[in-house]
$ cat structure24.cif   # mmCIF, C-alpha atoms and all ligand atoms
data_target
#
loop_
_atom_site.group_PDB
_atom_site.id
_atom_site.type_symbol
_atom_site.label_atom_id
_atom_site.label_comp_id
_atom_site.auth_asym_id
_atom_site.auth_seq_id
_atom_site.Cartn_x
_atom_site.Cartn_y
_atom_site.Cartn_z
ATOM 1 C CA MET A 1 171.447 -76.701 97.099
ATOM 2 C CA ASN A 2 173.965 -79.485 96.727
ATOM 3 C CA ARG A 3 175.756 -80.064 100.019
ATOM 4 C CA GLU A 4 178.684 -81.705 98.260
ATOM 5 C CA GLU A 5 179.435 -78.396 96.541
ATOM 6 C CA LEU A 6 179.780 -76.831 99.963
ATOM 7 C CA LYS A 7 182.613 -79.115 100.967
ATOM 8 C CA ILE A 8 185.632 -77.114 99.855
ATOM 9 C CA LYS A 9 189.123 -78.563 99.779
ATOM 10 C CA PHE A 10 191.637 -76.445 101.659
ATOM 11 C CA GLU A 11 194.064 -76.610 98.725
ATOM 12 C CA ASP A 12 191.383 -75.347 96.326
ATOM 13 C CA ILE A 13 191.037 -72.045 98.134
ATOM 14 C CA PRO A 14 193.020 -69.498 96.051
ATOM 15 C CA PRO A 15 195.305 -66.968 97.777
ATOM 16 C CA GLU A 16 192.770 -64.188 97.232
ATOM 17 C CA GLY A 17 190.078 -66.264 98.898
ATOM 18 C CA LEU A 18 186.876 -67.843 97.698
ATOM 19 C CA SER A 19 183.375 -66.373 97.773
ATOM 20 C CA LEU A 20 180.260 -68.513 97.822
ATOM 21 C CA GLU A 21 176.599 -67.748 97.850
ATOM 22 C CA PHE A 22 173.854 -70.312 98.270
ATOM 23 C CA ALA A 23 170.251 -70.832 99.257
ATOM 24 C CA ASP A 24 168.762 -73.773 101.090
ATOM 25 C CA GLU A 25 165.096 -73.609 100.150
ATOM 26 C CA LYS A 26 163.902 -76.470 102.333
ATOM 27 C CA GLY A 27 166.091 -75.945 105.352
ATOM 28 C CA ASP A 28 167.983 -79.215 104.975
ATOM 29 C CA LEU A 29 170.910 -77.810 106.918
ATOM 30 C CA ILE A 30 168.965 -77.681 110.180
ATOM 31 C CA ARG A 31 166.170 -80.132 109.383
ATOM 32 C CA ASP A 32 166.919 -82.302 112.427
ATOM 33 C CA CYS A 33 166.599 -79.319 114.776
ATOM 34 C CA TYR A 34 164.046 -76.775 113.554
ATOM 35 C CA PRO A 35 161.684 -76.295 110.627
ATOM 36 C CA ILE A 36 162.093 -73.100 108.641
ATOM 37 C CA SER A 37 159.511 -70.589 107.416
ATOM 38 C CA HIS A 38 161.905 -68.807 105.034
ATOM 39 C CA PRO A 39 164.737 -70.285 102.944
ATOM 40 C CA ILE A 40 168.233 -70.180 104.393
ATOM 41 C CA GLN A 41 170.342 -67.709 102.448
ATOM 42 C CA ALA A 42 174.062 -67.539 103.004
ATOM 43 C CA ARG A 43 176.985 -65.589 101.687
ATOM 44 C CA VAL A 44 180.459 -66.637 102.779
ATOM 45 C CA HIS A 45 184.043 -65.817 102.023
ATOM 46 C CA LEU A 46 186.822 -68.292 102.738
ATOM 47 C CA GLN A 47 190.330 -67.017 103.313
ATOM 48 C CA ARG A 48 193.360 -69.138 104.068
ATOM 49 C CA TRP A 49 195.265 -67.977 107.076
ATOM 50 C CA GLY A 50 198.318 -70.153 107.452
ATOM 51 C CA ILE A 51 196.903 -73.580 108.151
ATOM 52 C CA ASP A 52 193.623 -72.054 109.332
ATOM 53 C CA VAL A 53 190.696 -70.842 107.301
ATOM 54 C CA LYS A 54 188.834 -67.689 108.143
ATOM 55 C CA VAL A 55 185.155 -67.807 107.206
ATOM 56 C CA THR A 56 183.246 -64.538 107.102
ATOM 57 C CA GLY A 57 179.841 -63.644 105.744
ATOM 58 C CA GLU A 58 176.204 -63.642 106.640
ATOM 59 C CA VAL A 59 173.313 -66.067 106.970
ATOM 60 C CA LYS A 60 169.616 -65.197 106.971
ATOM 61 C CA THR A 61 166.549 -67.306 107.506
ATOM 62 C CA GLU A 62 163.425 -67.563 109.599
ATOM 63 C CA ILE A 63 162.954 -70.633 111.749
ATOM 64 C CA VAL A 64 159.964 -71.977 113.653
ATOM 65 C CA LEU A 65 160.405 -72.279 117.410
ATOM 66 C CA SER A 66 157.948 -73.451 120.003
ATOM 67 C CA CYS A 67 157.390 -71.284 123.052
ATOM 68 C CA ASP A 68 158.808 -72.620 126.334
ATOM 69 C CA ARG A 69 155.762 -71.352 128.246
ATOM 70 C CA CYS A 70 152.697 -71.861 126.046
ATOM 71 C CA LEU A 71 154.126 -74.398 123.537
ATOM 72 C CA LYS A 72 152.760 -72.408 120.617
ATOM 73 C CA GLU A 73 154.912 -72.200 117.500
ATOM 74 C CA PHE A 74 156.239 -68.819 116.450
ATOM 75 C CA PRO A 75 158.552 -67.554 113.689
ATOM 76 C CA PHE A 76 162.014 -66.386 114.690
ATOM 77 C CA LYS A 77 164.152 -64.325 112.330
ATOM 78 C CA VAL A 78 167.823 -65.168 112.098
ATOM 79 C CA THR A 79 170.331 -62.688 110.700
ATOM 80 C CA GLU A 80 173.773 -63.769 111.759
ATOM 81 C CA ARG A 81 177.135 -62.405 110.820
ATOM 82 C CA ILE A 82 179.584 -65.213 110.268
ATOM 83 C CA ASN A 83 183.027 -64.713 111.701
ATOM 84 C CA VAL A 84 184.625 -68.076 112.234
ATOM 85 C CA LEU A 85 188.144 -69.388 112.399
ATOM 86 C CA LEU A 86 188.498 -72.985 111.337
ATOM 87 C CA GLU A 87 191.569 -74.624 112.683
ATOM 88 C CA PRO A 88 192.930 -78.110 112.172
ATOM 89 C CA ARG A 89 191.860 -80.433 114.945
ATOM 90 C CA ALA A 90 195.434 -81.572 115.550
ATOM 91 C CA VAL A 91 196.746 -78.110 116.300
ATOM 92 C CA LEU A 92 196.671 -77.023 119.884
ATOM 93 C CA SER A 93 199.166 -74.312 120.580
ATOM 94 C CA ARG A 94 199.355 -71.395 122.920
ATOM 95 C CA LEU A 95 199.448 -69.121 119.911
ATOM 96 C CA LYS A 96 195.911 -70.153 119.048
ATOM 97 C CA GLU A 97 194.750 -69.395 122.569
ATOM 98 C CA GLU A 98 196.025 -65.875 122.077
ATOM 99 C CA VAL A 99 194.140 -65.497 118.827
ATOM 100 C CA ARG A 100 191.000 -66.606 120.629
ATOM 101 C CA LEU A 101 191.517 -64.159 123.474
ATOM 102 C CA THR A 102 192.189 -61.144 121.315
ATOM 103 C CA LYS A 103 189.276 -61.670 118.954
ATOM 104 C CA ASP A 104 186.116 -61.652 120.996
ATOM 105 C CA ASP A 105 183.572 -62.027 118.249
ATOM 106 C CA LEU A 106 185.453 -64.810 116.501
ATOM 107 C CA ASP A 107 184.122 -68.352 116.860
ATOM 108 C CA VAL A 108 186.647 -71.114 116.614
ATOM 109 C CA ILE A 109 185.581 -74.379 115.005
ATOM 110 C CA PHE A 110 187.844 -77.360 114.400
ATOM 111 C CA PHE A 111 188.146 -79.073 111.048
ATOM 112 C CA ASP A 112 190.232 -81.923 109.666
ATOM 113 C CA GLY A 113 192.652 -79.560 107.919
ATOM 114 C CA VAL A 114 191.650 -80.877 104.498
ATOM 115 C CA THR A 115 187.983 -80.119 103.818
ATOM 116 C CA VAL A 116 186.121 -76.978 104.792
ATOM 117 C CA GLU A 117 182.493 -77.936 105.362
ATOM 118 C CA VAL A 118 180.767 -74.667 104.644
ATOM 119 C CA ASP A 119 177.353 -76.275 105.180
ATOM 120 C CA GLU A 120 178.343 -77.283 108.716
ATOM 121 C CA VAL A 121 179.683 -73.823 109.505
ATOM 122 C CA VAL A 122 176.454 -72.182 108.371
ATOM 123 C CA ARG A 123 174.376 -74.747 110.267
ATOM 124 C CA GLU A 124 176.331 -74.066 113.439
ATOM 125 C CA GLU A 125 175.872 -70.310 113.095
ATOM 126 C CA ILE A 126 172.096 -70.648 112.725
ATOM 127 C CA LEU A 127 171.861 -72.889 115.783
ATOM 128 C CA LEU A 128 173.985 -70.439 117.787
ATOM 129 C CA ALA A 129 171.446 -67.721 117.022
ATOM 130 C CA VAL A 130 168.619 -69.590 118.764
ATOM 131 C CA PRO A 131 167.989 -68.058 122.189
ATOM 132 C CA MET A 132 168.222 -70.162 125.365
ATOM 133 C CA ARG A 133 164.784 -69.003 126.425
ATOM 134 C CA LYS A 134 162.358 -69.367 123.554
ATOM 135 C CA LEU A 135 159.342 -67.164 124.184
ATOM 136 C CA CYS A 136 156.595 -66.223 121.722
ATOM 137 C CA ASP A 137 156.472 -62.958 123.650
ATOM 138 C CA GLU A 138 158.321 -61.691 126.745
ATOM 139 C CA ALA A 139 154.903 -61.302 128.384
ATOM 140 C CA CYS A 140 153.633 -64.775 127.467
ATOM 141 C CA LYS A 141 151.319 -65.995 130.258
ATOM 142 C CA GLY A 142 151.856 -69.673 129.494
ATOM 143 C CA LEU A 143 149.479 -72.521 130.166
ATOM 144 C CA CYS A 144 147.259 -73.021 133.235
ATOM 145 C CA PRO A 145 148.960 -75.738 135.324
ATOM 146 C CA VAL A 146 145.531 -77.133 136.290
ATOM 147 C CA CYS A 147 143.545 -77.346 133.038
ATOM 148 C CA GLY A 148 146.152 -76.561 130.378
ATOM 149 C CA GLN A 149 144.315 -73.558 128.944
ATOM 150 C CA ASN A 150 146.560 -71.168 126.991
ATOM 151 C CA LEU A 151 146.248 -68.110 129.237
ATOM 152 C CA ASN A 152 147.202 -65.743 126.398
ATOM 153 C CA GLU A 153 143.932 -66.666 124.670
ATOM 154 C CA LYS A 154 141.567 -66.577 127.657
ATOM 155 C CA SER A 155 141.616 -67.089 131.398
ATOM 156 C CA CYS A 156 140.121 -70.311 132.734
ATOM 157 C CA GLY A 157 139.063 -69.470 136.283
ATOM 158 C CA CYS A 158 141.012 -72.308 137.894
ATOM 159 C CA LYS A 159 142.107 -71.563 141.467
ATOM 160 C CA PRO A 160 145.870 -71.568 141.886
ATOM 161 C CA ALA A 161 147.024 -74.472 144.096
ATOM 162 C CA LEU A 162 147.680 -73.301 147.647
ATOM 163 C CA LYS A 163 149.117 -76.370 149.325
ATOM 164 C CA ASP A 164 152.743 -75.308 148.781
ATOM 165 C CA SER A 165 152.262 -71.828 150.144
ATOM 166 C CA PRO A 166 154.202 -71.214 153.379
ATOM 167 C CA PHE A 167 151.322 -69.036 154.545
ATOM 168 C CA ALA A 168 148.981 -72.015 154.684
ATOM 169 C CA ILE A 169 151.063 -73.516 157.513
ATOM 170 C CA LEU A 170 151.396 -70.182 159.263
ATOM 171 C CA LYS A 171 147.617 -69.794 159.320
ATOM 172 C CA LYS A 172 147.172 -73.211 160.944
ATOM 173 C CA LEU A 173 149.675 -72.394 163.694
ATOM 174 C CA VAL A 174 147.980 -69.125 164.478
ATOM 175 C CA VAL A 175 144.598 -70.847 164.813
ATOM 176 C CA SER A 176 145.852 -73.674 167.071
ATOM 177 C CA SER A 177 147.730 -71.342 169.445
ATOM 178 C CA GLY A 178 144.627 -69.227 170.005
HETATM 179 ZN ZN ZN A 201 154.133 -68.363 124.594
HETATM 180 ZN ZN ZN A 202 142.842 -73.626 134.221
#
$ encode --input "structure24.cif" --output "structure tokens"
Amino acid sequence: MNREELKIKFEDIPPEGLSLEFADEKGDLIRDCYPISHPIQARVHLQRWGIDVKVTGEVKTEIVLSCDRCLKEFPFKVTERINVLLEPRAVLSRLKEEVRLTKDDLDVIFFDGVTVEVDEVVREEILLAVPMRKLCDEACKGLCPVCGQNLNEKSCGCKPALKDSPFAILKKLVVSSG
């Protein structure tokens, strides 16, 4: 994959649109964020729409996330439909607001009006697919706060800390009043 080939000049997009297909074997597009376990494969179609560019298509890959609870790495499949409107940064009209409001599933990204950076669009779409809560499994038990044992693998027998329990204070009061 040559990233330079994914920088498309607005004026080079023909009236019928432009279709591109590419693979990023090493995951260069998102290297600074997540490693990948499957190449990034993308298919996009660019269509001029006045001074905007509509980008549609699909991106597929598998990335490696680390679990928020147990810190273990796990593969996460990404299959995202791309439906993006690129609009020149300088334009800020009420008309555009309306476009945004009527098209729910349409992401709006700004560009300089000259060069469509397909690589950046695809990168953005992959990152948007990453969930806020990254869990290896909904039922992940996490790590023991005392000894750090991964509780999915085995239990450690540590006693849970009690000092913050409101019942500890209650018990003391009951004893002293009697
Ligand atoms: Zn986990
Ligand atoms: Zn423990």
$ resolve_selection --input "structure24.cif" --expression "the PyMOL selection byres (((chain A and resi 69-79) around 12) and not hetatm)" --output "PyMOL selection string"
chain A and resi 34-43+57-68+80-82+122-123+125-131+133-145+148-153
$ residues_near_point --input "structure24.cif" --point "(192.3, -69.8, 98.4)" --cutoff "12 Å" --atoms "only C-alpha atoms" --output "VMD selection string"
chain A and resid 8 to 19 45 to 55 116
$ atom_distance --input "structure24.cif" --atom1 "CA of Phe22 in chain A" --atom2 "CA of Asn83 in chain A"
17.2 Å
$ resolve_selection --input "structure24.cif" --expression "the PyMOL selection byres (((chain A and resi 108) around 6) and not hetatm)" --output "JSON, numbers by chain"
{"A": [84, 85, 86, 107, 109]}
$ closest_residue --input "structure24.cif" --among "A:Phe110, A:Val146, A:Leu6, A:Lys154" --to "ligand ZN 202 (chain A)" --atoms "all atoms listed in the file"
A:Val146
$ closest_residue --input "structure24.cif" --among "A:Pro88, A:Val118, A:Glu4, A:Phe111" --to "Leu20 in chain A" --atoms "only C-alpha atoms"
A:Val118
$ atom_distance --input "structure24.cif" --atom1 "CA of Leu106 in chain A" --atom2 "CA of Glu120 in chain A"
16.3 Å
$ atom_distance --input "structure24.cif" --atom1 "CA of Glu124 in chain A" --atom2 "CA of Arg31 in chain A"
12.5 Å
$ axis_aligned_box --input "structure24.cif" --around "range 26-39 of chain A" --padding-each-side "4 Å" --output "JSON"
{"center_x": 165.2, "center_y": -75.6, "center_z": 108.6, "size_x": 19.4, "size_y": 21.5, "size_z": 20.4}
